[in-house]
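Engineer: What follows is upload.tsv, TSV, C-alpha atoms and all ligand atoms.
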chain	number	residue	atom	x	y	z
A	5	MET	CA	107.06	-56.82	-22.06
A	6	GLN	CA	104.98	-59.24	-19.99
A	7	PHE	CA	101.78	-58.21	-18.21
A	8	ILE	CA	102.69	-60.62	-15.38
A	9	ASP	CA	106.15	-62.19	-15.76
A	10	LEU	CA	105.82	-65.68	-14.31
A	11	ALA	CA	108.88	-66.83	-16.28
A	12	ALA	CA	111.19	-64.37	-14.47
A	13	GLN	CA	109.93	-65.68	-11.14
A	14	GLN	CA	110.36	-69.28	-12.26
A	15	ALA	CA	113.94	-68.65	-13.38
A	16	ARG	CA	114.71	-67.38	-9.87
A	17	ILE	CA	113.24	-70.35	-7.97
A	18	ARG	CA	113.35	-73.12	-10.57
A	19	ASP	CA	115.78	-75.28	-8.55
A	20	THR	CA	113.64	-75.16	-5.41
A	21	ILE	CA	110.50	-75.92	-7.39
A	22	GLU	CA	112.10	-78.89	-9.12
A	23	SER	CA	113.40	-80.31	-5.88
A	24	ARG	CA	110.00	-79.81	-4.18
A	25	ILE	CA	108.25	-81.56	-7.07
A	26	ARG	CA	110.80	-84.39	-6.99
A	27	THR	CA	110.05	-84.92	-3.30
A	28	VAL	CA	106.35	-85.36	-4.09
A	29	LEU	CA	107.13	-87.75	-6.96
A	30	ASP	CA	109.28	-89.75	-4.55
A	31	HIS	CA	106.72	-90.08	-1.73
A	32	GLY	CA	103.77	-90.38	-4.11
A	33	LYS	CA	101.15	-88.92	-1.77
A	34	TYR	CA	99.43	-86.89	-4.48
A	35	ILE	CA	96.24	-86.31	-2.50
A	36	MET	CA	96.53	-84.59	0.91
A	37	GLY	CA	100.26	-85.31	1.11
A	38	PRO	CA	102.44	-83.76	3.83
A	39	GLU	CA	103.05	-80.59	1.77
A	40	VAL	CA	99.37	-79.66	2.13
A	41	ALA	CA	99.56	-79.51	5.94
A	42	GLU	CA	102.94	-77.76	5.74
A	43	LEU	CA	101.47	-75.14	3.43
A	44	GLU	CA	98.43	-74.67	5.66
A	45	ALA	CA	100.65	-74.00	8.67
A	46	GLN	CA	102.67	-71.44	6.69
A	47	LEU	CA	99.58	-69.69	5.30
A	48	ALA	CA	98.07	-69.43	8.78
A	49	GLY	CA	101.35	-68.09	10.17
A	50	PHE	CA	101.75	-65.60	7.35
A	51	SER	CA	98.30	-64.09	7.75
A	52	GLY	CA	98.19	-64.38	11.52
A	53	VAL	CA	95.12	-66.60	11.84
A	54	ARG	CA	94.75	-69.95	13.58
A	55	GLU	CA	93.44	-72.09	10.78
A	56	ALA	CA	94.12	-72.42	7.06
A	57	ILE	CA	92.24	-74.88	4.87
A	58	ALA	CA	93.89	-75.35	1.49
A	59	CYS	CA	91.47	-76.09	-1.33
A	60	ALA	CA	91.13	-76.52	-5.08
A	61	SER	CA	90.46	-72.89	-6.05
A	62	GLY	CA	89.47	-69.47	-4.79
A	63	THR	CA	85.97	-70.24	-5.99
A	64	ASP	CA	85.82	-73.39	-3.85
A	65	ALA	CA	87.14	-71.36	-0.90
A	66	LEU	CA	84.19	-68.97	-1.27
A	67	LEU	CA	81.77	-71.84	-1.78
A	68	MET	CA	83.02	-73.71	1.31
A	69	SER	CA	82.73	-70.53	3.39
A	70	LEU	CA	79.11	-69.95	2.43
A	71	MET	CA	78.35	-73.66	3.00
A	72	ALA	CA	79.96	-73.43	6.45
A	73	TYR	CA	77.51	-70.64	7.30
A	74	ASP	CA	74.62	-72.79	5.92
A	75	ILE	CA	73.71	-70.17	3.36
A	76	GLY	CA	71.13	-71.28	0.81
A	77	PRO	CA	67.71	-70.56	-0.70
A	78	GLY	CA	65.92	-67.65	0.97
A	79	ASP	CA	69.17	-66.07	2.12
A	80	ALA	CA	70.64	-62.88	0.73
A	81	VAL	CA	74.36	-62.11	0.55
A	82	VAL	CA	75.55	-58.56	-0.08
A	83	THR	CA	78.58	-58.01	-2.29
A	84	THR	CA	80.11	-55.64	-4.82
A	85	PRO	CA	79.09	-55.67	-8.49
A	86	PHE	CA	82.65	-54.64	-9.43
A	87	THR	CA	84.54	-57.91	-9.00
A	88	PHE	CA	85.31	-61.19	-10.73
A	89	ILE	CA	82.21	-63.31	-11.38
A	90	ALA	CA	83.23	-66.00	-8.84
A	91	THR	CA	82.45	-63.74	-5.85
A	92	ALA	CA	78.74	-63.60	-6.66
A	93	GLU	CA	78.53	-66.85	-8.63
A	94	VAL	CA	78.91	-68.98	-5.51
A	95	ILE	CA	75.98	-67.16	-3.88
A	96	GLY	CA	73.74	-68.03	-6.81
A	97	PHE	CA	75.18	-71.53	-7.04
A	98	LEU	CA	73.90	-72.27	-3.51
A	99	GLY	CA	70.44	-70.94	-4.37
A	100	ALA	CA	70.92	-67.79	-2.29
A	101	THR	CA	70.38	-64.30	-3.71
A	102	PRO	CA	73.22	-61.87	-4.45
A	103	VAL	CA	72.43	-58.31	-3.41
A	104	PHE	CA	74.78	-55.70	-4.80
A	105	ALA	CA	76.05	-52.52	-3.14
A	106	ASP	CA	78.01	-49.95	-5.15
A	107	ILE	CA	81.70	-49.16	-4.72
A	108	ASP	CA	83.74	-46.32	-3.32
A	109	PRO	CA	85.01	-44.47	-6.43
A	110	VAL	CA	88.50	-43.98	-4.97
A	111	THR	CA	89.34	-47.48	-3.68
A	112	TYR	CA	86.97	-49.38	-6.05
A	113	ASN	CA	85.96	-51.50	-3.03
A	114	ILE	CA	82.45	-51.93	-1.66
A	115	ASP	CA	81.15	-48.80	0.11
A	116	PRO	CA	80.02	-49.72	3.65
A	117	ARG	CA	77.26	-47.06	3.60
A	118	LYS	CA	75.87	-48.61	0.43
A	119	ILE	CA	75.77	-51.99	2.19
A	120	ASP	CA	73.67	-50.44	4.95
A	121	GLU	CA	71.32	-48.89	2.35
A	122	ALA	CA	71.05	-52.16	0.40
A	123	VAL	CA	70.15	-54.16	3.51
A	124	GLY	CA	67.64	-51.50	4.59
A	125	ALA	CA	65.97	-51.59	1.15
A	126	LEU	CA	66.00	-55.38	1.10
A	127	LYS	CA	64.19	-55.63	4.44
A	128	LYS	CA	61.48	-53.26	3.21
A	129	GLU	CA	61.07	-54.40	-0.37
A	130	ARG	CA	61.91	-58.12	-0.29
A	131	PRO	CA	60.91	-59.37	3.17
A	132	GLU	CA	60.94	-62.97	1.90
A	133	LEU	CA	64.76	-62.81	1.84
A	134	THR	CA	66.92	-63.04	4.97
A	135	PRO	CA	70.11	-60.98	4.79
A	136	ARG	CA	72.84	-63.28	6.11
A	137	ALA	CA	76.31	-62.24	5.00
A	138	ILE	CA	78.57	-59.70	3.33
A	139	ILE	CA	81.33	-60.77	0.94
A	140	ALA	CA	83.79	-57.87	0.76
A	141	VAL	CA	86.41	-58.03	-2.00
A	142	ASP	CA	89.94	-56.62	-1.67
A	143	LEU	CA	90.03	-55.50	-5.28
A	144	PHE	CA	93.36	-55.27	-7.14
A	145	GLY	CA	95.11	-56.20	-3.86
A	146	LEU	CA	93.79	-53.33	-1.70
A	147	PRO	CA	91.78	-54.37	1.39
A	148	ALA	CA	88.21	-53.13	1.76
A	149	ASP	CA	87.34	-50.98	4.81
A	150	TYR	CA	86.66	-53.77	7.32
A	151	ASP	CA	86.17	-51.54	10.38
A	152	ALA	CA	83.26	-49.79	8.69
A	153	ILE	CA	81.99	-53.05	7.16
A	154	ASP	CA	82.00	-54.73	10.58
A	155	GLU	CA	79.91	-51.90	12.01
A	156	VAL	CA	77.23	-52.41	9.34
A	157	ALA	CA	77.45	-56.19	9.80
A	158	ARG	CA	76.88	-55.87	13.57
A	159	LYS	CA	73.94	-53.53	13.04
A	160	HIS	CA	72.19	-56.06	10.80
A	161	GLY	CA	73.49	-59.31	12.33
A	162	LEU	CA	75.44	-60.39	9.23
A	163	CYS	CA	78.60	-62.46	8.97
A	164	VAL	CA	81.51	-61.08	6.97
A	165	ILE	CA	83.59	-63.02	4.44
A	166	GLU	CA	86.77	-61.49	3.01
A	167	ASP	CA	87.39	-62.29	-0.65
A	168	ALA	CA	91.17	-61.99	-0.45
A	169	ALA	CA	91.76	-63.72	-3.81
A	170	GLN	CA	93.73	-60.67	-4.97
A	171	SER	CA	95.07	-59.43	-1.64
A	172	PHE	CA	97.06	-62.18	0.06
A	173	GLY	CA	100.12	-60.25	1.30
A	174	ALA	CA	98.32	-56.89	1.73
A	175	ASP	CA	97.79	-55.03	5.05
A	176	TYR	CA	94.98	-53.14	6.74
A	177	LYS	CA	95.63	-51.19	9.94
A	178	GLY	CA	98.42	-53.49	11.06
A	179	ARG	CA	96.56	-56.68	10.17
A	180	ARG	CA	97.25	-58.96	7.24
A	181	ALA	CA	94.76	-59.61	4.44
A	182	GLY	CA	93.29	-63.03	5.11
A	183	SER	CA	92.65	-62.08	8.75
A	184	LEU	CA	90.27	-59.17	8.17
A	185	ALA	CA	86.96	-61.04	8.54
A	186	GLU	CA	85.82	-64.12	10.44
A	187	VAL	CA	86.43	-66.12	7.28
A	188	ALA	CA	88.74	-65.12	4.41
A	189	CYS	CA	89.18	-66.78	1.03
A	190	THR	CA	92.17	-66.59	-1.24
A	191	SER	CA	93.16	-67.95	-4.65
A	192	PHE	CA	96.39	-69.39	-5.97
A	193	PHE	CA	95.45	-69.03	-9.63
A	194	PRO	CA	98.82	-68.50	-11.39
A	195	ALA	CA	98.35	-64.74	-11.96
A	196	LYS	CA	97.45	-63.90	-8.34
A	197	PRO	CA	100.14	-62.39	-6.08
A	198	LEU	CA	100.80	-65.87	-4.64
A	199	GLY	CA	100.02	-68.31	-7.43
A	200	CYS	CA	100.65	-72.00	-8.11
A	201	TYR	CA	100.96	-73.79	-11.48
A	202	GLY	CA	97.29	-74.63	-11.83
A	203	ASP	CA	94.23	-73.97	-9.68
A	204	GLY	CA	94.37	-73.61	-5.93
A	205	GLY	CA	92.96	-71.66	-3.03
A	206	ALA	CA	92.59	-71.49	0.73
A	207	VAL	CA	90.22	-70.44	3.48
A	208	LEU	CA	91.66	-68.68	6.52
A	209	THR	CA	89.83	-68.33	9.81
A	210	ALA	CA	90.34	-67.97	13.55
A	211	ASN	CA	87.11	-69.91	14.17
A	212	ALA	CA	88.02	-73.56	14.92
A	213	GLU	CA	84.44	-74.77	14.61
A	214	LEU	CA	83.99	-73.28	11.13
A	215	ALA	CA	87.44	-74.60	10.15
A	216	ASP	CA	86.45	-78.16	11.13
A	217	LYS	CA	83.24	-77.85	9.17
A	218	MET	CA	85.08	-76.60	6.08
A	219	ARG	CA	87.65	-79.42	6.35
A	220	SER	CA	84.71	-81.82	6.26
A	221	ILE	CA	83.01	-79.99	3.37
A	222	ARG	CA	86.30	-80.03	1.42
A	223	ILE	CA	86.27	-83.84	1.40
A	224	HIS	CA	82.70	-84.87	0.54
A	225	GLY	CA	81.29	-83.96	3.95
A	226	GLN	CA	83.61	-86.43	5.63
A	227	GLY	CA	82.91	-87.44	9.24
A	228	SER	CA	85.07	-89.61	11.48
A	229	ASP	CA	86.58	-91.51	8.53
A	230	LYS	CA	86.68	-91.67	4.74
A	231	TYR	CA	83.43	-93.61	4.39
A	232	ASP	CA	81.47	-91.73	7.04
A	233	ASN	CA	79.72	-88.78	5.43
A	234	ILE	CA	77.90	-86.41	7.73
A	235	ARG	CA	76.92	-83.59	5.36
A	236	ILE	CA	76.85	-82.74	1.67
A	237	GLY	CA	80.29	-81.53	0.64
A	238	ILE	CA	82.45	-81.20	-2.44
A	239	ASN	CA	85.73	-82.54	-3.79
A	240	GLY	CA	87.64	-79.37	-2.95
A	241	ARG	CA	91.16	-80.54	-2.08
A	242	LEU	CA	94.37	-78.81	-3.15
A	243	ASP	CA	96.76	-81.14	-5.03
A	244	THR	CA	99.95	-82.01	-3.14
A	245	LEU	CA	101.99	-80.94	-6.20
A	246	GLN	CA	100.43	-77.47	-6.13
A	247	ALA	CA	101.10	-77.21	-2.38
A	248	SER	CA	104.75	-78.06	-3.01
A	249	ILE	CA	105.02	-75.32	-5.64
A	250	LEU	CA	103.42	-72.81	-3.27
A	251	LEU	CA	105.93	-73.73	-0.55
A	252	ALA	CA	108.75	-72.88	-2.96
A	253	LYS	CA	107.08	-69.59	-3.89
A	254	LEU	CA	106.47	-68.63	-0.25
A	255	GLU	CA	110.23	-68.55	0.29
A	256	VAL	CA	110.49	-65.45	-1.92
A	257	PHE	CA	107.01	-64.04	-1.34
A	258	ALA	CA	107.96	-61.38	1.26
A	259	ASP	CA	110.70	-60.10	-1.04
A	260	GLU	CA	108.28	-60.11	-3.98
A	261	ILE	CA	105.83	-57.98	-2.00
A	262	GLN	CA	108.59	-55.40	-1.45
A	263	ARG	CA	109.41	-55.43	-5.15
A	264	ARG	CA	105.75	-54.87	-5.97
A	265	GLN	CA	105.69	-51.90	-3.59
A	266	ALA	CA	108.78	-50.44	-5.25
A	267	ALA	CA	107.27	-50.87	-8.72
A	268	ALA	CA	103.98	-49.29	-7.60
A	269	GLY	CA	105.91	-46.35	-6.14
A	270	ARG	CA	107.70	-45.77	-9.46
A	271	TYR	CA	104.41	-45.89	-11.39
A	272	ALA	CA	102.73	-43.48	-8.95
A	273	GLN	CA	105.51	-40.95	-9.42
A	274	GLY	CA	105.46	-41.20	-13.21
A	275	ILE	CA	101.67	-41.11	-13.55
A	276	ALA	CA	101.31	-38.14	-11.19
A	277	ASP	CA	102.70	-35.96	-14.02
A	278	ILE	CA	100.01	-37.06	-16.49
A	279	PRO	CA	97.04	-34.72	-15.98
A	280	ASN	CA	94.21	-36.79	-17.46
A	281	LEU	CA	95.02	-40.10	-15.75
A	282	ILE	CA	94.17	-41.16	-12.20
A	283	ALA	CA	96.60	-43.51	-10.45
A	284	PRO	CA	95.36	-45.83	-7.68
A	285	SER	CA	95.26	-44.29	-4.24
A	286	VAL	CA	96.04	-46.20	-1.06
A	287	PRO	CA	94.44	-44.88	2.16
A	288	ASP	CA	96.59	-44.33	5.28
A	289	GLU	CA	97.32	-47.53	7.18
A	290	TYR	CA	96.57	-49.70	4.14
A	291	ALA	CA	99.10	-51.53	1.98
A	292	SER	CA	98.06	-53.00	-1.35
A	293	VAL	CA	99.83	-56.09	-2.69
A	294	TRP	CA	99.23	-54.76	-6.22
A	295	ALA	CA	97.61	-57.77	-7.85
A	296	GLN	CA	96.82	-55.26	-10.59
A	297	TYR	CA	97.98	-51.72	-11.18
A	298	SER	CA	94.78	-50.15	-12.49
A	299	ILE	CA	94.42	-46.58	-13.69
A	300	LEU	CA	91.43	-44.48	-14.71
A	301	ALA	CA	91.17	-42.84	-18.11
A	302	GLU	CA	88.83	-39.87	-18.70
A	303	ASP	CA	86.24	-42.01	-20.46
A	304	SER	CA	85.91	-45.14	-22.53
A	305	ASP	CA	87.21	-43.49	-25.77
A	306	HIS	CA	90.26	-42.16	-23.95
A	307	ARG	CA	90.89	-45.64	-22.56
A	308	THR	CA	90.63	-47.21	-26.03
A	309	ALA	CA	93.15	-44.70	-27.37
A	310	LEU	CA	95.58	-45.29	-24.50
A	311	GLN	CA	95.37	-49.07	-24.84
A	312	ALA	CA	95.99	-48.79	-28.59
A	313	ALA	CA	99.02	-46.56	-28.03
A	314	LEU	CA	100.47	-48.96	-25.49
A	315	LYS	CA	99.82	-51.92	-27.75
A	316	LYS	CA	101.76	-50.15	-30.52
A	317	ALA	CA	104.68	-49.84	-28.10
A	318	SER	CA	104.35	-53.62	-27.36
A	319	ILE	CA	103.02	-52.97	-23.85
A	320	PRO	CA	100.18	-55.29	-22.81
A	321	THR	CA	97.14	-53.97	-20.93
A	322	ALA	CA	93.92	-55.52	-19.64
A	323	ILE	CA	90.51	-54.39	-18.41
A	324	TYR	CA	89.36	-55.63	-15.00
A	325	TYR	CA	86.37	-55.61	-15.21
A	326	PRO	CA	84.59	-54.39	-18.34
A	327	LYS	CA	81.09	-55.46	-17.24
A	328	PRO	CA	79.78	-55.10	-13.67
A	329	LEU	CA	78.07	-58.21	-12.37
A	330	HIS	CA	74.54	-56.75	-12.23
A	331	LEU	CA	74.71	-56.42	-16.03
A	332	GLN	CA	75.90	-60.01	-16.62
A	333	THR	CA	73.52	-62.36	-18.45
A	334	ALA	CA	74.11	-64.94	-15.71
A	335	PHE	CA	72.34	-62.57	-13.28
A	336	ALA	CA	69.60	-61.45	-15.65
A	337	ASP	CA	66.95	-62.81	-13.28
A	338	LEU	CA	68.02	-60.41	-10.51
A	339	PRO	CA	65.99	-57.18	-10.36
A	340	TYR	CA	68.79	-54.92	-11.63
A	341	LYS	CA	69.29	-52.68	-14.65
A	342	ARG	CA	71.90	-50.32	-16.06
A	343	GLY	CA	72.07	-47.20	-13.90
A	344	ASP	CA	71.57	-49.05	-10.59
A	345	PHE	CA	75.27	-48.94	-9.62
A	346	PRO	CA	76.59	-45.85	-11.41
A	347	LEU	CA	80.03	-45.83	-9.79
A	348	SER	CA	80.74	-49.43	-10.75
A	349	GLU	CA	79.43	-48.77	-14.25
A	350	GLU	CA	81.53	-45.66	-14.74
A	351	THR	CA	84.65	-47.34	-13.36
A	352	ALA	CA	84.11	-50.33	-15.67
A	353	ASP	CA	84.03	-47.89	-18.61
A	354	ARG	CA	87.22	-46.05	-17.64
A	355	ILE	CA	89.58	-48.46	-15.89
A	356	PHE	CA	92.47	-50.46	-17.32
A	357	SER	CA	95.52	-52.21	-15.92
A	358	ILE	CA	99.16	-51.91	-16.95
A	359	PRO	CA	101.96	-54.48	-16.43
A	360	MET	CA	102.61	-55.21	-12.74
A	361	HIS	CA	104.71	-57.96	-11.18
A	362	PRO	CA	107.69	-58.23	-8.82
A	363	TYR	CA	110.25	-58.44	-11.64
A	364	LEU	CA	109.23	-55.27	-13.48
A	365	GLU	CA	112.33	-53.12	-14.09
A	366	ALA	CA	112.45	-49.34	-13.70
A	367	ASP	CA	113.34	-48.88	-17.39
A	368	GLN	CA	110.33	-50.96	-18.48
A	369	GLN	CA	108.14	-48.76	-16.32
A	370	GLU	CA	109.72	-45.70	-17.95
A	371	GLN	CA	108.58	-47.09	-21.31
A	372	VAL	CA	105.02	-47.55	-20.02
A	373	ILE	CA	104.91	-44.05	-18.56
A	374	SER	CA	106.34	-42.39	-21.65
A	375	ALA	CA	103.87	-44.29	-23.87
A	376	LEU	CA	101.02	-43.07	-21.64
A	377	LYS	CA	102.38	-39.52	-21.75
A	378	THR	CA	102.65	-39.32	-25.54
A	379	ALA	CA	99.25	-40.98	-26.11
A	401	LIG	C1	90.48	-64.96	-8.88
A	401	LIG	C2	89.34	-64.53	-8.05
A	401	LIG	C3	88.41	-65.45	-7.51
A	401	LIG	C4	88.38	-66.90	-7.88
A	401	LIG	O1	89.56	-67.58	-7.71
A	401	LIG	P1	89.84	-68.92	-8.57
A	401	LIG	O2	91.01	-69.51	-7.89
A	401	LIG	O3	90.10	-68.51	-9.96
A	401	LIG	O4	88.64	-69.79	-8.45
A	401	LIG	C5	87.43	-64.97	-6.68
A	401	LIG	N1	87.35	-63.66	-6.38
A	401	LIG	C6	88.19	-62.75	-6.89
A	401	LIG	C7	88.05	-61.31	-6.50
A	401	LIG	C8	89.21	-63.15	-7.76
A	401	LIG	O5	90.04	-62.23	-8.27
Rewrite the coordinates I just gave you, this time as structure tokens.

Structural biologist:
Amino acid sequence: MQFIDLAAQQARIRDTIESRIRTVLDHGKYIMGPEVAELEAQLAGFSGVREAIACASGTDALLMSLMAYDIGPGDAVVTTPFTFIATAEVIGFLGATPVFADIDPVTYNIDPRKIDEAVGALKKERPELTPRAIIAVDLFGLPADYDAIDEVARKHGLCVIEDAAQSFGADYKGRRAGSLAEVACTSFFPAKPLGCYGDGGAVLTANAELADKMRSIRIHGQGSDKYDNIRIGINGRLDTLQASILLAKLEVFADEIQRRQAAAGRYAQGIADIPNLIAPSVPDEYASVWAQYSILAEDSDHRTALQAALKKASIPTAIYYPKPLHLQTAFADLPYKRGDFPLSEETADRIFSIPMHPYLEADQQEQVISALKTA
């Protein structure tokens, strides 16, 4: 059994992918070819925002967003400690200071009240830092609570960035992930819900001014032409070949989202009967895109036993994420210690993910559930 079955997806769309790639080989515009603009139009349409800026990775999307807001040394950016390193790495990379706020133990997403507390504490205890932004992460494909986050952001005058690397295709109160903050970032890393065959990402925004700035940042701070540079930027373009692959994948993406929902429904039913496991819960008016299907064991020993039992039954599992960011060596210079974010720490000790992808069959899920039951 595959954890994420990219081969099954490829078998379904192989002809379209090959013909898309052949088109790129024929026109030869490998950098910023026509497929990039075509993809951007489709991404914007899909998420319901005006502007999409394709780029080289989800990490570059986050970096370009922070650069567009001129975030740098002396600025503080609030985010969750329970996420992939890239979310907070870009803050540190620009010389700004990550400030963590603990998660909601049910959704695993940043708790808006904890953001308020963190900003309050920061103003009192570290007046040399200016709180500037919040990066909320839609973990495992489930959007964070943007209505509540926006309220805190307004109170403190912060901008909000949506890290939608795992949630492209999800919904929140009738709006699509990628449209839930002024600027949203997504990733096309192969294992994400919409993935290419290499690295890729995009920024989505309704703000035309920020979009123009990010288009410039994406290409070395380009001005009116290639050799006019008006700011410090990066080489953050998406390859035309990757755009062409994403265009092929977008043709089946809506159907794949439905298949993910069906698979998640089957898991939820099966896991509900297992008393010492907690299945993910999706609040009313939210729809996850199920980048991961992550369940909670009773404690770390229980998790180890379950993972071993599944491995014996040839079922792959993974832990996202075993170490919260405030405990990472890379952030050792931040004033944090174990115990500061107890909900993130406890979740990191108990959580693990089971196979999830659009091509998961009901009988494979039966195997997973029965292996969990007997463990
Ligand atoms: C994958 C991911 C990123 C980074 O995306 P890349 O394309 O790998 O650079 C950022 N944030 C989160 C939450 C992610 O899952």

Engineer: So, with all atoms listed in the file as the atoms that count, which of A:Ala48, A:Ile35, A:Ala15, A:Ile8 lies closest to Ser357 of chain A?

Structural biologist: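 Among the listed residues, A:Ile8 lies closest to Ser357 of chain A.
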
Engineer: Counting all atoms listed in the file, select every polymer residue within 10 Å of (65.9, -65.3, -1.9) as defined in the file's coordinates, and provide the selection as a PyMOL selection string.

Structural biologist: chain A and resi 76-81+96+99-103+130-135

Engineer: Quote the spacing between atom CA of Pro328 of chain A and atom CA of Ser183 of chain A in Å to one decimal place.

Structural biologist: 26.8 Å

Engineer: Neighbours of ligand LIG 401 (chain A) within 8 Å, counting all atoms listed in the file, as a PyMOL selection string?

Structural biologist: chain A and resi 60-66+87-91+141-144+167-170+190-193+196+203-205

Engineer: If you keep C-alpha atoms, can you produce a file of those selected residues as a PDB file, keeping the file's coordinate frame?

Structural biologist:
ATOM      1  CA  ALA A  60      91.130 -76.520  -5.080  1.00  0.00           C
ATOM      2  CA  SER A  61      90.460 -72.890  -6.050  1.00  0.00           C
ATOM      3  CA  GLY A  62      89.470 -69.470  -4.790  1.00  0.00           C
ATOM      4  CA  THR A  63      85.970 -70.240  -5.990  1.00  0.00           C
ATOM      5  CA  ASP A  64      85.820 -73.390  -3.850  1.00  0.00           C
ATOM      6  CA  ALA A  65      87.140 -71.360  -0.900  1.00  0.00           C
ATOM      7  CA  LEU A  66      84.190 -68.970  -1.270  1.00  0.00           C
ATOM      8  CA  THR A  87      84.540 -57.910  -9.000  1.00  0.00           C
ATOM      9  CA  PHE A  88      85.310 -61.190 -10.730  1.00  0.00           C
ATOM     10  CA  ILE A  89      82.210 -63.310 -11.380  1.00  0.00           C
ATOM     11  CA  ALA A  90      83.230 -66.000  -8.840  1.00  0.00           C
ATOM     12  CA  THR A  91      82.450 -63.740  -5.850  1.00  0.00           C
ATOM     13  CA  VAL A 141      86.410 -58.030  -2.000  1.00  0.00           C
ATOM     14  CA  ASP A 142      89.940 -56.620  -1.670  1.00  0.00           C
ATOM     15  CA  LEU A 143      90.030 -55.500  -5.280  1.00  0.00           C
ATOM     16  CA  PHE A 144      93.360 -55.270  -7.140  1.00  0.00           C
ATOM     17  CA  ASP A 167      87.390 -62.290  -0.650  1.00  0.00           C
ATOM     18  CA  ALA A 168      91.170 -61.990  -0.450  1.00  0.00           C
ATOM     19  CA  ALA A 169      91.760 -63.720  -3.810  1.00  0.00           C
ATOM     20  CA  GLN A 170      93.730 -60.670  -4.970  1.00  0.00           C
ATOM     21  CA  THR A 190      92.170 -66.590  -1.240  1.00  0.00           C
ATOM     22  CA  SER A 191      93.160 -67.950  -4.650  1.00  0.00           C
ATOM     23  CA  PHE A 192      96.390 -69.390  -5.970  1.00  0.00           C
ATOM     24  CA  PHE A 193      95.450 -69.030  -9.630  1.00  0.00           C
ATOM     25  CA  LYS A 196      97.450 -63.900  -8.340  1.00  0.00           C
ATOM     26  CA  ASP A 203      94.230 -73.970  -9.680  1.00  0.00           C
ATOM     27  CA  GLY A 204      94.370 -73.610  -5.930  1.00  0.00           C
ATOM     28  CA  GLY A 205      92.960 -71.660  -3.030  1.00  0.00           C
TER      29      GLY A 205
END

Engineer: Provide the atom CA of Val94 of chain A to atom CA of Leu70 of chain A distance in Å, to one decimal place.

Structural biologist: 8.0 Å

Engineer: Could you name the residues that touch Pro109 of chain A at 8 Å or less, counting all atoms listed in the file, but leaving out those on the same chain fewer than 2 positions away, as an MDAnalysis selection string?

Structural biologist: chainID A and resid 107 111:113 347:348 351

Engineer: Leaving out Ala195 of chain A and any residue of its chain fewer than 4 positions from it, which residues lie within 9 Å of it when counting all atoms listed in the file, given as a list in words?

Structural biologist: Ile8, Leu10, Gly199, Cys200 and Ala295 of chain A

Engineer: Identify, on the basis of only C-alpha atoms, every residue whose closest approach to Met218 of chain A does not exceed 8 Å; exclude the query and any residue fewer than 5 positions from it along the same chain; express the result as a list in words.

Structural biologist: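 Result of the neighbour search: Ile57, Met68, Ser69, Met71 and Ala72 of chain A.
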
Engineer: Measure the distance from atom CA of Ala309 of chain A to atom CA of Ile373 of chain A in Å and round it to one decimal.

Structural biologist: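 One can read the atom CA of Ala309 of chain A to atom CA of Ile373 of chain A distance as 14.7 Å.
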
Engineer: Using only C-alpha atoms, which of the listed residues (A:Phe104, A:Tyr325, A:Tyr73, A:Tyr34) sits closest to Ala215 of chain A?

Structural biologist: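 Looking only at the distances to Ala215 of chain A, the closest residue turns out to be A:Tyr73.
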
Engineer: Have a look at A:Ser285, A:Gly202, A:Ile299, A:Val207 and name the one nearest to Cys189 of chain A; count all atoms listed in the file.

Structural biologist: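 The shortest atom-to-atom distance to Cys189 of chain A comes from A:Val207.
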
Engineer: Could you give me, as CSV, every segment 20-53 of chain A residue with an atom at most 6 Å from segment 239-248 of chain A, plus its closest atom pair and distance in Å to one decimal, counting all atoms listed in the file, rows ordered by chain then number?

Structural biologist:
residue,atom,partner,partner_atom,distance
A:Arg24,CA,A:Ser248,CA,5.7
A:Tyr34,CA,A:Thr244,CA,5.1
A:Ile35,CA,A:Thr244,CA,5.7
A:Met36,CA,A:Thr244,CA,5.9
A:Gly37,CA,A:Thr244,CA,5.4
A:Glu39,CA,A:Ser248,CA,5.7
A:Val40,CA,A:Ala247,CA,5.4

Engineer: Between A:Asp277, A:Asp115, A:Glu302, A:Asp259, which is the closest to Tyr363 of chain A once you count only C-alpha atoms?

Structural biologist: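 Selected residue with least distance to Tyr363 of chain A: A:Asp259.
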
Engineer: Go through A:Arg354, A:Cys59, A:Pro85, A:Val164 one by one, measure the shortest atom-to-atom distance of each to Ser220 of chain A using only C-alpha atoms, and give the residue with the smallest value.

Structural biologist: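 Smallest separation from Ser220 of chain A among the options: A:Cys59.
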
Engineer: Residues at most 10 Å from Ala45 of chain A, counting only C-alpha atoms, excluding those fewer than 2 positions away in the same chain, as a PyMOL selection string?

Structural biologist: chain A and resi 39-43+47-50+53-58

Engineer: Given the point (70.7, -54.6, 12.7) in the file's coordinates, find the residues that have an atom at most 12 Å from it, counting all atoms listed in the file, and give them as a PyMOL selection string.

Structural biologist: chain A and resi 119-121+123-124+127+135-136+154-163

Engineer: Report as a list in words all protein, DNA and RNA residues lying within 6 Å of Ser292 of chain A, evaluated on only C-alpha atoms, omitting residues in the same chain fewer than 5 positions from it.

Structural biologist: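 Answer for this query is Gly145, Leu146 and Ala174 of chain A.
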